[in-house]
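What follows is a set of notes on a single structure, which appears directly below.
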Amino acid sequence: MIKVLIVDDSPLLRAVLKAVLEQAGDIEVVGAAKDPYEARDMIKALQPDVLTLDIEMPKMDGLSFLKNLMRLRPMPVVMLSTLTQKGSPETLEALEVGAVDFIAKPMSNVAEQLEAYADVLYQKIRTASRARVRAFKADKQAGVRSAVAAGKKFQLRSVMAIGASTGGTEALREVLTKLPRNSPPVVVTQHIPPVFSTSFALRMDKCCEVNVKEAEDGDELGAGKVFIAPGDRHLLIVQKGTKLVCQLSDSEKVNRHKPAVDVLFDSLLPVAKNVHAALLTGMGSDGAQGLLRLKEAGANTFAQDEASCVVWGMPRAAVELNAANKVVSLDAMAKALLDSASS
């Protein structure tokens with residue numbers, strides 16, 4: 001049984017969350033706290049496996065509590081977030097601090113909405129219970145730019161492609177902040193809601209040497225540019241004359257995701273010999289088949305190793321398919337991609 005502690009100031013939401021979670025046969029709600037101070041005592045007494053944590057609470061906000069928790073007693077946390085432009089920076093910061101994942105906090109019809117996405121909630125709790133969490137260090141948020149290949153020359157037509165899911169926003173931060181200004185173009189599919197993809201791209205742009213933006217139709221790939229798929233569109237790369245450009249698609253979900261990593265990887269098959277692709281931390285198998293097809297078409301392919309993943313799902317699927325030329329730790333991934341693009 002996965003022991004869960006709910007932390008939320010709303011009595012209604014605490015009750016609904018408890019009722020919904022206990023419908024899952026493998027989840028037990030061991031307690032429900034109305035604020036972080038009560039939660040602190042319950043964590044000591046009940047030893048939960050996973051915390052669900054509201055961001056906005058009285059006495060101490062969820063983010064401040066999360067920082068203290070991940071510094072003193074790291075454990076898997078799923079944030080309850082308002083999926084709005086206002087809520088996205090705080091949620092992204094929570095992921096930086098060490099939260100494993102987040103889920104929408106329903107605004108109305110609470111019971112009906114939670115019932116509707118109960119399966120998603122169960123999956124996030126189960127994934128969090130198996131996630132690797134690390135102690136929070138305040139200097140981690142400094143976002144120091146540290147190019148690992150400044151001055152290196154790259155192949156003219158090289159493209160670096162990255163796919164990620166759970167734990168991916170921080171994994172991407174680790175990779176992107178190491179890229180030099182003259183880096184080959186990078187295209188990214190991260191499983192993330194629409195408003196959050198916009199905020200995430202802006203957040204990355206502020207801490208990277210490369211220029212990071214949310215992809216738009218017609219954006220041209222070029223040195224020092226990173227394009228991140230919008231949270232509700234597939235990102236494809238297509239050739240127009242001598243140029244490669246971004247193309248967005250509103251087609252159906254692939255592997256239950258939109259954007260999907262497989263869609264991005266498959267779109268690069270015509271130029272596979274110039275592609276250097278990596279599959280980072282995430283639940284499920286999206287991107288594994290696409291990585292295999294890229295490898296078979298001549299791309300250099302990489303998968304993040306188990307030890308550095310928050311969730312070794314997508315990279316594991318790729319390794320099991322023999323889709324990766326190399327399995328690389330997260331701290332070495334930027335160098336691996338850049339070395340590949342310069343050889």
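Labels for the structure tokens follow display order: chains A, B, ..., residues from 1 in each chain, ligands from 1.
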
Within 10 Å of region 53-60 of chain A, counting only C-alpha atoms, which residues show up once you throw out same-chain ones fewer than 2 positions away? Write them as number ranges by chain, please.
A: 5-10, 33-37, 39, 50-51, 62-66, 77-82, 87, 90-91, 94, 99, 102, 105

May I have all residues of region 10-246 of chain A that DSSP, computed from the backbone, assigns to strand (DSSP E or B), given as an MDAnalysis selection string?
chainID A and resid 27:33 50:54 77:81 101:104 159:164 186:190 211:214 220 225:228 234:240 243:246

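Candidate residues A:Ala135, A:Val16, A:Met1, A:Asp101 were compared for distance to Met75 (chain A), and the nearest is A:Ala135, using only C-alpha atoms.
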
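Compared by their closest atoms to Glu170 (chain A), and using only C-alpha atoms, the residues A:Leu330, A:Ala131, A:Val275, A:Leu121 rank with A:Leu330 nearest.
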
Just checking: using only C-alpha atoms, which residue out of A:Ala332, A:Gly163, A:Glu320, A:Leu264 ends up closest to Ala278 (chain A)?
A:Gly163

Calculate how many Å separate CA of Lys295 (chain A) from CA of Pro180 (chain A), rounding to one decimal.
25.3 Å

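Minimum atom-to-atom distances from A:Glu220, A:Val212, A:Trp312, A:Ser340 to Lys153 (chain A) were compared using only C-alpha atoms, and the lowest value belongs to A:Ser340.
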
Got a sec: who's within 12 Å of Asp49 (chain A), counting only C-alpha atoms, leaving out chain neighbours fewer than 2 positions off, as a VMD selection string?
chain A and resid 1 to 6 27 to 31 43 to 44 46 to 47 51 to 52 73 to 78 125 to 131 133

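Distances here use only C-alpha atoms; by that measure, the residue among A:Val226, A:His191, A:Ala215, A:Cys208 closest to Val254 (chain A) is A:His191.
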
From the list A:Ala341, A:Leu95, A:Tyr122, A:Lys206, which residue is nearest Ala24 (chain A) when using only C-alpha atoms?
A:Tyr122

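Omitting Lys273 (chain A) and its sequence neighbours fewer than 4 positions away, and counting only C-alpha atoms, the residues within 10 Å are Arg157, Ser158, Val159, Leu268, Leu269, Leu294, Lys295, Glu296, Ala297, Gly298, Ala299 and Asn300 of chain A.
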
Those selected residues, please, written with N, CA and C atoms and delivered as a PDB file, in the first residue's frame.
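Saved to selection_6.pdb:
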```pdb
ATOM      1  N   ARG A 157      24.635  21.354 -40.155  1.00  0.00           N
ATOM      2  CA  ARG A 157      23.207  20.989 -40.217  1.00  0.00           C
ATOM      3  C   ARG A 157      22.728  20.223 -38.978  1.00  0.00           C
ATOM      4  N   SER A 158      23.550  20.173 -37.955  1.00  0.00           N
ATOM      5  CA  SER A 158      23.180  19.398 -36.763  1.00  0.00           C
ATOM      6  C   SER A 158      21.918  19.936 -36.092  1.00  0.00           C
ATOM      7  N   VAL A 159      21.102  19.007 -35.595  1.00  0.00           N
ATOM      8  CA  VAL A 159      19.911  19.338 -34.795  1.00  0.00           C
ATOM      9  C   VAL A 159      19.919  18.441 -33.565  1.00  0.00           C
ATOM     10  N   LEU A 268      11.750  14.124 -37.691  1.00  0.00           N
ATOM     11  CA  LEU A 268      13.164  14.355 -37.992  1.00  0.00           C
ATOM     12  C   LEU A 268      13.792  13.222 -38.788  1.00  0.00           C
ATOM     13  N   LEU A 269      13.037  12.180 -39.112  1.00  0.00           N
ATOM     14  CA  LEU A 269      13.578  11.044 -39.851  1.00  0.00           C
ATOM     15  C   LEU A 269      14.204  11.425 -41.197  1.00  0.00           C
ATOM     16  N   LEU A 294      14.910   6.754 -35.287  1.00  0.00           N
ATOM     17  CA  LEU A 294      15.974   7.708 -35.584  1.00  0.00           C
ATOM     18  C   LEU A 294      17.333   7.010 -35.628  1.00  0.00           C
ATOM     19  N   LYS A 295      17.581   6.137 -34.661  1.00  0.00           N
ATOM     20  CA  LYS A 295      18.852   5.404 -34.633  1.00  0.00           C
ATOM     21  C   LYS A 295      19.022   4.575 -35.902  1.00  0.00           C
ATOM     22  N   GLU A 296      17.974   3.883 -36.275  1.00  0.00           N
ATOM     23  CA  GLU A 296      18.038   3.030 -37.468  1.00  0.00           C
ATOM     24  C   GLU A 296      18.226   3.836 -38.748  1.00  0.00           C
ATOM     25  N   ALA A 297      17.804   5.119 -38.693  1.00  0.00           N
ATOM     26  CA  ALA A 297      17.955   5.998 -39.865  1.00  0.00           C
ATOM     27  C   ALA A 297      19.281   6.751 -39.863  1.00  0.00           C
ATOM     28  N   GLY A 298      20.117   6.530 -38.829  1.00  0.00           N
ATOM     29  CA  GLY A 298      21.442   7.121 -38.833  1.00  0.00           C
ATOM     30  C   GLY A 298      21.696   8.200 -37.804  1.00  0.00           C
ATOM     31  N   ALA A 299      20.734   8.470 -36.919  1.00  0.00           N
ATOM     32  CA  ALA A 299      20.927   9.497 -35.882  1.00  0.00           C
ATOM     33  C   ALA A 299      21.795   8.950 -34.753  1.00  0.00           C
ATOM     34  N   ASN A 300      22.422   9.851 -34.018  1.00  0.00           N
ATOM     35  CA  ASN A 300      23.097   9.487 -32.776  1.00  0.00           C
ATOM     36  C   ASN A 300      22.082   9.625 -31.652  1.00  0.00           C
TER      37      ASN A 300
END
```

Need the shell around Leu248 (chain A): protein/DNA/RNA residues with any atom at most 12 Å away, counting only C-alpha atoms. Skip same-chain ones fewer than 5 positions apart. Format as a tab-separated table (two decimals) with N, CA and C atoms, in the first residue's frame?
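Final output, saved to out-v4.tsv:
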```
chain	number	residue	atom	x	y	z
A	189	THR	N	10.33	18.32	-26.78
A	189	THR	CA	8.96	17.99	-26.38
A	189	THR	C	8.98	17.52	-24.94
A	214	GLU	N	8.90	29.20	-26.67
A	214	GLU	CA	7.87	28.25	-27.04
A	214	GLU	C	7.72	28.29	-28.55
A	215	ALA	N	7.71	27.11	-29.17
A	215	ALA	CA	7.69	27.03	-30.63
A	215	ALA	C	6.41	27.59	-31.22
A	216	GLU	N	6.55	28.27	-32.35
A	216	GLU	CA	5.43	28.77	-33.13
A	216	GLU	C	5.58	28.29	-34.57
A	217	ASP	N	4.48	28.20	-35.28
A	217	ASP	CA	4.53	27.82	-36.69
A	217	ASP	C	5.49	28.72	-37.46
A	218	GLY	N	6.39	28.11	-38.20
A	218	GLY	CA	7.29	28.88	-39.05
A	218	GLY	C	8.59	29.30	-38.42
A	219	ASP	N	8.78	29.05	-37.12
A	219	ASP	CA	10.06	29.37	-36.48
A	219	ASP	C	11.18	28.61	-37.18
A	227	PHE	N	13.66	25.50	-29.14
A	227	PHE	CA	12.22	25.60	-29.31
A	227	PHE	C	11.52	24.50	-28.52
A	228	ILE	N	10.59	24.90	-27.64
A	228	ILE	CA	9.87	23.96	-26.78
A	228	ILE	C	8.43	23.83	-27.27
A	229	ALA	N	7.96	22.60	-27.42
A	229	ALA	CA	6.60	22.36	-27.91
A	229	ALA	C	5.57	22.98	-26.98
A	230	PRO	N	4.55	23.66	-27.54
A	230	PRO	CA	3.45	24.14	-26.69
A	230	PRO	C	2.74	22.97	-26.03
A	231	GLY	N	2.16	23.23	-24.87
A	231	GLY	CA	1.56	22.15	-24.09
A	231	GLY	C	0.34	21.49	-24.69
A	232	ASP	N	-0.24	22.06	-25.75
A	232	ASP	CA	-1.43	21.46	-26.34
A	232	ASP	C	-1.29	21.23	-27.84
A	233	ARG	N	-0.04	21.19	-28.34
A	233	ARG	CA	0.20	20.97	-29.77
A	233	ARG	C	1.39	20.03	-29.94
A	234	HIS	N	1.32	19.18	-30.97
A	234	HIS	CA	2.50	18.41	-31.36
A	234	HIS	C	3.47	19.34	-32.07
A	235	LEU	N	4.76	19.13	-31.83
A	235	LEU	CA	5.79	19.87	-32.54
A	235	LEU	C	6.44	18.96	-33.57
A	236	LEU	N	6.45	19.41	-34.83
A	236	LEU	CA	7.13	18.70	-35.90
A	236	LEU	C	8.17	19.63	-36.51
A	237	ILE	N	9.22	19.07	-37.07
A	237	ILE	CA	10.22	19.84	-37.79
A	237	ILE	C	10.14	19.45	-39.27
A	238	VAL	N	9.94	20.43	-40.13
A	238	VAL	CA	9.79	20.16	-41.55
A	238	VAL	C	10.80	20.98	-42.34
A	258	LYS	N	-0.18	14.88	-25.91
A	258	LYS	CA	-0.08	15.96	-26.89
A	258	LYS	C	0.48	17.18	-26.16
A	259	PRO	N	1.76	17.54	-26.40
A	259	PRO	CA	2.63	17.02	-27.46
A	259	PRO	C	3.20	15.64	-27.12
A	260	ALA	N	3.56	14.89	-28.16
A	260	ALA	CA	4.17	13.57	-28.00
A	260	ALA	C	5.60	13.60	-28.53
A	263	VAL	N	6.12	11.97	-32.04
A	263	VAL	CA	5.77	12.83	-33.18
A	263	VAL	C	6.96	13.70	-33.57
A	264	LEU	N	7.62	14.30	-32.58
A	264	LEU	CA	8.80	15.13	-32.85
A	264	LEU	C	9.91	14.30	-33.48
A	267	SER	N	9.27	13.21	-37.06
A	267	SER	CA	9.34	14.30	-38.05
A	267	SER	C	10.78	14.57	-38.49
```
